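To be precise, the following lines are final_5.cif, and they hold mmCIF, C-alpha atoms.
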```cif
data_input
loop_
_atom_site.label_atom_id
_atom_site.label_comp_id
_atom_site.auth_asym_id
_atom_site.auth_seq_id
_atom_site.Cartn_x
_atom_site.Cartn_y
_atom_site.Cartn_z
CA MET A 1 143.22 56.13 -98.08
CA TYR A 2 143.46 58.50 -101.04
CA LEU A 3 145.80 56.30 -103.06
CA PRO A 4 144.05 52.93 -102.78
CA ALA A 5 140.51 54.32 -102.72
CA TYR A 6 140.66 57.20 -105.17
CA ARG A 7 143.67 56.79 -107.41
CA VAL A 8 143.49 53.01 -107.81
CA GLY A 9 139.69 53.11 -107.94
CA SER A 10 139.83 55.65 -110.75
CA ARG A 11 141.47 53.11 -113.04
CA ALA A 12 138.58 50.69 -112.73
CA ALA A 13 135.96 53.45 -112.86
CA HIS A 14 137.25 55.02 -116.07
CA GLY A 15 138.09 51.97 -118.13
CA ALA A 16 141.84 52.47 -117.93
CA LEU A 17 144.11 49.97 -119.63
CA MET A 18 145.90 49.13 -116.39
CA ALA A 19 142.64 47.90 -114.90
CA LEU A 20 142.73 45.05 -117.40
CA ASP A 21 146.05 43.63 -116.22
CA PRO A 22 144.44 41.17 -113.78
CA TYR A 23 142.67 39.55 -116.75
CA LEU A 24 145.95 38.74 -118.47
CA SER A 25 148.61 36.23 -117.58
CA ARG A 26 151.68 35.23 -119.51
CA GLU A 27 152.81 31.76 -120.29
CA PRO A 28 156.17 30.99 -121.95
CA ASN A 29 154.90 31.42 -125.51
CA ARG A 30 151.51 33.09 -125.17
CA TYR A 31 149.19 35.23 -123.14
CA VAL A 32 146.05 33.91 -121.50
CA ILE A 33 142.93 35.96 -120.88
CA ARG A 34 140.86 34.63 -118.02
CA GLU A 35 138.74 35.69 -115.06
CA PRO A 36 140.99 37.51 -112.63
CA GLU A 37 141.89 36.08 -109.26
CA SER A 38 141.06 38.04 -106.15
CA GLY A 39 144.05 40.08 -105.02
CA SER A 40 145.00 42.07 -101.96
CA ARG A 41 142.50 42.67 -99.19
CA VAL A 42 143.60 46.30 -98.82
CA MET A 43 140.77 47.56 -100.97
CA TRP A 44 138.13 45.67 -98.97
CA ALA A 45 139.73 46.89 -95.75
CA LEU A 46 138.98 50.50 -96.76
CA VAL A 47 135.22 50.02 -96.59
CA GLY A 48 134.81 49.94 -92.80
CA PRO A 49 137.06 52.93 -91.98
CA LEU A 50 135.54 55.10 -94.72
CA PHE A 51 131.98 54.36 -93.66
CA GLY A 52 133.07 54.68 -90.03
CA ILE A 53 134.34 58.22 -90.59
CA ALA A 54 130.95 59.27 -91.98
CA LEU A 55 129.05 57.60 -89.15
CA VAL A 56 131.22 59.11 -86.41
CA ILE A 57 130.87 62.58 -87.95
CA ALA A 58 127.10 62.13 -88.32
CA ALA A 59 126.89 61.09 -84.67
CA ARG A 60 127.47 64.75 -83.80
CA TRP A 61 123.89 65.34 -84.91
CA ASP A 62 122.31 61.89 -84.88
CA ARG A 63 122.09 60.46 -81.40
CA TRP A 64 120.85 57.14 -82.70
CA ILE A 65 124.44 56.44 -83.84
CA ASP A 66 126.49 54.87 -81.06
CA GLU A 67 130.04 56.11 -81.68
CA GLY A 68 131.52 53.43 -79.45
CA GLU A 69 129.79 50.69 -81.41
CA VAL A 70 131.00 52.19 -84.71
CA ARG A 71 134.61 52.44 -83.52
CA ALA A 72 134.57 48.85 -82.25
CA LEU A 73 133.23 47.59 -85.58
CA VAL A 74 135.82 49.58 -87.54
CA ASP A 75 138.51 47.97 -85.40
CA VAL A 76 137.13 44.52 -86.16
CA ALA A 77 136.94 45.36 -89.87
CA THR A 78 140.51 46.57 -90.11
CA GLY A 79 142.50 44.57 -87.62
CA PRO A 80 144.11 45.26 -84.27
CA GLU A 81 143.78 48.75 -82.94
CA VAL A 82 146.91 50.85 -83.04
CA GLU A 83 147.45 52.86 -79.93
CA ASP A 84 147.01 56.57 -80.46
CA PRO A 85 149.67 58.43 -78.44
CA ASP A 86 147.29 61.37 -78.06
CA GLU A 87 144.76 59.10 -76.39
CA ALA A 88 147.20 57.69 -73.87
CA MET B 1 148.31 36.65 -97.83
CA ASP B 2 150.91 38.84 -96.14
CA ASP B 3 148.80 41.93 -95.51
CA PRO B 4 147.90 42.75 -91.91
CA PHE B 5 144.15 42.80 -92.40
CA PRO B 6 141.53 40.40 -91.09
CA SER B 7 140.01 37.73 -93.30
CA VAL B 8 137.49 38.83 -95.90
CA GLU B 9 134.82 37.02 -93.89
CA ASP B 10 135.67 38.95 -90.71
CA MET B 11 135.75 42.27 -92.57
CA ALA B 12 132.43 41.49 -94.21
CA ALA B 13 130.80 40.62 -90.89
CA ALA B 14 131.96 43.89 -89.30
CA ASP B 15 130.93 45.94 -92.35
CA ALA B 16 127.51 44.26 -92.31
CA ALA B 17 127.14 45.27 -88.67
CA LEU B 18 128.01 48.86 -89.63
CA VAL B 19 125.31 48.69 -92.29
CA ASN B 20 122.89 47.55 -89.63
CA VAL B 21 123.66 50.63 -87.52
CA VAL B 22 121.74 52.61 -90.14
CA ARG B 23 119.36 49.96 -91.49
CA ARG B 24 117.76 49.27 -88.10
CA GLN B 25 116.71 52.93 -87.83
CA LEU B 26 114.87 53.03 -91.16
CA PRO B 27 112.56 54.57 -92.04
CA ILE B 28 113.63 57.76 -90.29
CA ARG B 29 110.95 60.44 -90.07
CA VAL B 30 111.75 64.13 -89.63
CA TYR B 31 109.44 67.10 -89.15
CA GLY B 32 108.53 69.19 -92.16
CA GLY B 33 110.26 72.23 -90.72
CA GLU B 34 113.60 70.52 -90.28
CA ARG B 35 116.67 72.00 -91.90
CA TRP B 36 117.81 70.93 -95.30
CA TRP B 37 120.99 69.51 -93.78
CA THR B 38 118.99 67.19 -91.53
CA LEU B 39 117.18 65.67 -94.49
CA TYR B 40 120.14 65.30 -96.80
CA ARG B 41 122.60 64.26 -94.09
CA THR B 42 120.38 61.34 -93.29
CA ALA B 43 119.72 60.53 -96.95
CA ALA B 44 123.48 60.61 -97.60
CA LEU B 45 124.07 58.11 -94.79
CA VAL B 46 121.47 55.76 -96.24
CA ARG B 47 123.05 56.14 -99.68
CA MET B 48 126.46 55.24 -98.23
CA THR B 49 124.85 52.30 -96.48
CA ASP B 50 123.55 51.04 -99.83
CA THR B 51 127.02 51.38 -101.34
CA VAL B 52 128.62 49.44 -98.49
CA GLU B 53 125.99 46.71 -98.80
CA SER B 54 126.67 46.45 -102.54
CA LEU B 55 130.38 46.19 -101.73
CA LEU B 56 129.61 43.28 -99.44
CA ASP B 57 127.96 41.49 -102.35
CA LEU B 58 131.02 42.12 -104.54
CA MET B 59 133.33 41.00 -101.74
CA GLY B 60 131.61 37.61 -101.74
CA LEU B 61 132.05 37.32 -105.50
CA ASP B 62 135.77 38.30 -105.47
CA ARG B 63 134.97 41.10 -107.91
CA ASP B 64 137.95 43.27 -106.99
CA LEU B 65 137.73 45.74 -109.89
CA ASP B 66 134.05 46.45 -109.43
CA GLY B 67 134.81 46.75 -105.74
CA GLN B 68 137.47 49.36 -106.52
CA THR B 69 134.94 51.36 -108.51
CA LEU B 70 132.48 51.34 -105.65
CA VAL B 71 135.15 52.06 -103.02
CA ARG B 72 136.08 55.13 -105.06
CA SER B 73 132.43 56.16 -105.08
CA LEU B 74 132.21 55.60 -101.33
CA TYR B 75 135.38 57.67 -100.85
CA GLU B 76 133.86 60.60 -102.74
CA GLN B 77 130.61 60.31 -100.83
CA VAL B 78 132.44 60.32 -97.49
CA VAL B 79 134.75 63.18 -98.47
CA THR B 80 131.85 65.32 -99.68
CA PHE B 81 129.84 64.53 -96.56
CA ALA B 82 132.76 65.27 -94.24
CA TRP B 83 133.51 68.54 -96.02
CA ILE B 84 129.93 69.82 -95.85
CA ALA B 85 129.64 68.72 -92.22
CA ILE B 86 132.44 71.15 -91.30
CA ASP B 87 130.00 74.03 -91.73
CA PRO B 88 126.62 72.80 -93.02
CA ASP B 89 124.87 76.18 -92.81
CA ARG B 90 127.22 77.65 -95.39
CA ARG B 91 128.31 74.63 -97.36
CA GLU B 92 125.06 72.84 -98.01
CA TRP B 93 124.26 75.46 -100.66
CA ARG B 94 127.37 74.58 -102.57
CA TRP B 95 126.09 71.00 -102.62
CA VAL B 96 122.82 72.32 -104.03
CA GLY B 97 124.72 74.44 -106.55
CA ASP B 98 126.78 71.46 -107.65
CA GLY B 99 123.59 69.50 -108.22
CA ARG B 100 122.14 72.34 -110.27
CA TRP B 101 125.33 72.54 -112.34
CA GLU B 102 125.19 68.79 -113.09
CA LEU B 103 121.50 69.07 -114.03
CA LEU B 104 122.25 72.02 -116.30
CA LYS B 105 125.00 70.07 -118.05
CA LEU B 106 122.58 67.16 -118.53
CA HIS B 107 120.01 69.57 -119.93
CA ASN B 108 122.51 71.08 -122.38
CA ASP B 109 123.79 67.68 -123.52
CA ALA B 110 120.24 66.39 -124.02
CA ALA B 111 119.35 69.51 -125.99
CA ARG B 112 121.99 68.63 -128.59
CA PHE B 113 119.90 65.58 -129.53
CA GLY B 114 116.83 67.71 -130.18
CA GLU B 115 113.18 67.13 -129.44
CA SER B 116 113.23 63.59 -130.84
CA HIS B 117 114.74 62.47 -127.54
CA GLY B 118 111.88 63.76 -125.43
CA ASP B 119 111.05 66.83 -123.42
CA PRO B 120 113.83 69.14 -122.21
CA VAL B 121 115.35 68.20 -118.87
CA LEU B 122 114.72 71.70 -117.51
CA SER B 123 112.13 74.33 -118.38
CA ASP B 124 113.29 77.74 -119.62
CA GLU B 125 112.49 79.18 -116.21
CA GLU B 126 114.51 76.48 -114.45
CA VAL B 127 117.46 77.05 -116.78
CA ALA B 128 117.36 80.77 -116.08
CA GLU B 129 117.08 80.21 -112.34
CA SER B 130 119.95 77.71 -112.33
CA LYS B 131 122.20 80.01 -114.35
CA GLN B 132 121.49 82.93 -112.09
CA SER B 133 122.21 80.90 -108.97
CA LEU B 134 125.48 79.63 -110.45
CA GLY B 135 126.66 83.02 -111.64
CA LEU B 136 126.35 81.99 -115.29
CA SER B 137 125.22 84.84 -117.46
CA ASP B 138 125.34 86.13 -121.01
CA GLU B 139 128.25 88.42 -121.62
CA PRO B 140 129.04 90.53 -124.66
CA ALA B 141 131.16 88.64 -127.17
CA SER B 142 134.66 89.85 -127.69
CA ALA B 143 135.73 90.72 -131.19
CA THR B 144 138.06 87.78 -131.43
CA GLU B 145 135.72 85.12 -130.12
CA ASP B 146 133.29 83.30 -132.29
CA CYS B 147 130.22 81.82 -130.70
CA GLU B 148 127.32 79.63 -131.79
CA SER B 149 124.83 81.68 -129.84
CA GLY B 150 124.86 84.60 -132.23
CA GLY B 151 127.30 87.11 -130.90
CA ARG B 152 126.93 86.52 -127.22
CA ARG B 153 129.52 84.70 -125.18
CA ARG B 154 128.35 82.63 -122.27
CA ARG B 155 130.34 82.06 -119.13
CA ARG B 156 131.03 78.35 -119.29
CA GLN B 157 131.91 77.57 -115.68
CA PRO B 158 130.01 78.51 -112.52
CA GLU B 159 131.67 80.70 -109.95
CA ALA B 160 133.88 78.41 -107.89
CA ALA B 161 132.29 79.45 -104.61
CA ARG B 162 128.88 78.25 -105.77
CA ILE B 163 129.75 74.60 -106.43
CA LEU B 164 131.77 71.95 -104.60
CA PRO B 165 135.58 72.23 -104.67
CA PRO B 166 137.68 69.44 -106.22
CA VAL B 167 137.55 66.24 -104.18
CA THR B 168 141.21 66.50 -103.14
CA GLU B 169 140.63 70.00 -101.77
CA MET B 170 137.59 68.80 -99.81
CA ALA B 171 139.57 65.82 -98.51
CA GLU B 172 142.42 68.04 -97.31
CA GLN B 173 140.05 70.35 -95.45
CA ALA B 174 138.12 67.42 -93.99
CA ASP B 175 141.35 65.85 -92.75
CA GLU B 176 142.46 69.10 -91.17
CA HIS B 177 139.13 69.78 -89.50
CA TRP B 178 137.96 66.35 -88.35
CA SER B 179 141.27 64.76 -87.37
CA VAL B 180 141.37 66.87 -84.21
CA ARG B 181 137.71 66.26 -83.46
CA VAL B 182 137.18 62.61 -84.31
CA ARG B 183 138.80 60.27 -81.85
CA GLY B 184 139.10 56.53 -81.62
CA LEU B 185 139.65 55.63 -85.26
CA HIS B 186 143.07 54.46 -86.37
CA PRO B 187 145.58 57.29 -85.93
CA ALA B 188 147.75 58.87 -88.61
CA GLY B 189 150.51 56.49 -89.64
CA HIS B 190 148.26 53.46 -89.67
CA PRO B 191 147.53 52.30 -93.24
CA LEU B 192 143.87 53.11 -92.66
CA GLY B 193 144.49 56.01 -90.31
CA PHE B 194 142.65 59.26 -90.01
CA PRO B 195 143.63 61.84 -91.10
CA GLY B 196 144.33 59.99 -94.29
CA LEU B 197 141.70 61.07 -96.75
CA VAL B 198 144.41 62.74 -98.79
CA PRO B 199 148.20 63.15 -98.48
CA PRO B 200 149.41 66.71 -97.79
CA GLY B 201 149.86 68.81 -100.89
CA VAL B 202 147.81 66.71 -103.31
CA SER B 203 145.06 69.30 -103.69
CA SER B 204 147.51 72.00 -104.77
CA ARG B 205 148.95 70.01 -107.67
#
```

Now that the file is in, can you turn its structure into structure tokens?
Amino acid sequence: MYLPAYRVGSRAAHGALMALDPYLSREPNRYVIREPESGSRVMWALVGPLFGIALVIAARWDRWIDEGEVRALVDVATGPEVEDPDEA
Amino acid sequence: MDDPFPSVEDMAAADAALVNVVRRQLPIRVYGGERWWTLYRTAALVRMTDTVESLLDLMGLDRDLDGQTLVRSLYEQVVTFAWIAIDPDRREWRWVGDGRWELLKLHNDAARFGESHGDPVLSDEEVAESKQSLGLSDEPASATEDCESGGRRRRRQPEAARILPPVTEMAEQADEHWSVRVRGLHPAGHPLGFPGLVPPGVSSR
């Protein structure tokens, strides 16, 4: 999660030149600057797992957090669950 | 789309339900004698909840770059939270120290603009208290160093043990500690697996 969340996010946060690439497209004899199209869903898929980690850790103190509910929602937010060999 | 993730709508619905896990408990009241960690742990969760809710708004607008900025913020919030939660009794004070250091930097920057920009951020007493708690003190100037403060050289950085470590260092420690204690999230090897807050060796670069 470090690369897509922190490294890639740093470009947008700090005004890096690379963050402007989605605004540019090239035609045969010119460039066009326009509103960027939405790209990969990877970045949006990070939201649930990141928040889920915090909630599951907090559940060690806060009994109002249902760990099972959080895990189920993280699974829905990120796709099919991958079997953990340690859990088997 | 060839990525393995659910549709944006499905992700948003699940993330909204995660938001509701916290929202439905608010306001949360704690006794006056509760520990500092109890107060700020809960406040940090609500802050993260706000960030996730803002991300949901951006998701609906296809604002990927603003989403990246907020995901990075969420990442740092989660990493900091996970790192302090390893040993709150000892680490919460480094969170406090980090806050004091940021406030002191704000105070010093504001002071450069002079009184025309309003009252000082911190009083003289608060500056002295913050410096003492951060291990910042006046030291005799060396013969080779010039200094604006009239012959006295100030330590410019707090002692490392009094503020938060770099985010990559916190992430590495959080991965190491929580990956054997937190079960049921995607395992290592999955693109969103845990541990996965930081790849091995990044913090030592």

With the PyMOL selection byres ((chain B) within 6 of (chain A)) as the selection, what would be picked from this file? Answer as a ChimeraX atom specification, please. /B:5-6,11,14-15,62,65,68-69,71-72,78,187,196-198

Neighbour residues at most 12 Å from (132.1, 81.5, -106.3) (all atoms listed in the file) as a CSV table (one decimal) with C-alpha atoms, in the frame of the given file:
```
chain,number,residue,atom,x,y,z
B,91,ARG,CA,128.3,74.6,-97.4
B,93,TRP,CA,124.3,75.5,-100.7
B,94,ARG,CA,127.4,74.6,-102.6
B,97,GLY,CA,124.7,74.4,-106.6
B,98,ASP,CA,126.8,71.5,-107.6
B,133,SER,CA,122.2,80.9,-109.0
B,134,LEU,CA,125.5,79.6,-110.4
B,135,GLY,CA,126.7,83.0,-111.6
B,136,LEU,CA,126.4,82.0,-115.3
B,157,GLN,CA,131.9,77.6,-115.7
B,158,PRO,CA,130.0,78.5,-112.5
B,159,GLU,CA,131.7,80.7,-110.0
B,160,ALA,CA,133.9,78.4,-107.9
B,161,ALA,CA,132.3,79.4,-104.6
B,162,ARG,CA,128.9,78.2,-105.8
B,163,ILE,CA,129.8,74.6,-106.4
B,164,LEU,CA,131.8,72.0,-104.6
B,165,PRO,CA,135.6,72.2,-104.7
```

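When only C-alpha atoms are used to compute distances to Thr38 in chain B, the closest of the residues B:Leu103, B:Ala85, B:Leu61, B:Val21 turns out to be B:Ala85.
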
Using all atoms listed in the file, which residue out of A:Ala59, A:Arg34, A:Leu17, A:Ser25 lies closest to Leu45 in chain B?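 Among the listed residues, the smallest separation from Leu45 in chain B belongs to A:Ala59.
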
Coordinates-based distance that separates CA of Thr80 in chain B from CA of Val19 in chain B (Å, one decimal):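 Atom-to-atom, CA of Val19 in chain B and CA of Thr80 in chain B are spaced 19.3 Å apart.
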
Using the chain letters and residue numbers of this document, give as a list in words the residues selected by the PyMOL selection byres ((chain B and resi 121) around 12). Arg100, Glu102, Leu103, Leu104, Lys105, Leu106, His107, Asn108, Asp109, Ala110, Ala111, Arg112, Phe113, Gly114, Glu115, His117, Gly118, Asp119, Pro120, Leu122, Ser123, Asp124, Glu125, Glu126 and Val127 of chain B

Nearest to Thr168 in chain B, chosen from B:Glu129, B:Glu53, B:Glu76, B:Asp66, with only C-alpha atoms counted in the distances: B:Glu76

To one decimal in Å, tell me the separation between CA of Leu58 in chain B and CA of Ser73 in chain B.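 Result for CA of Leu58 in chain B versus CA of Ser73 in chain B: 14.1 Å, one decimal.
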
What gap, in Å, lies between CA of Trp178 in chain B and CA of Ile86 in chain B?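 Between these atoms lies a distance of 7.9 Å.
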
Given all atoms listed in the file as the counted atoms, nearest of B:Leu39, B:Ala128, B:Leu56, B:Leu74 to Glu92 in chain B: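 Going through B:Leu39, B:Ala128, B:Leu56, B:Leu74 one by one, the smallest distance to Glu92 in chain B is for B:Leu39.
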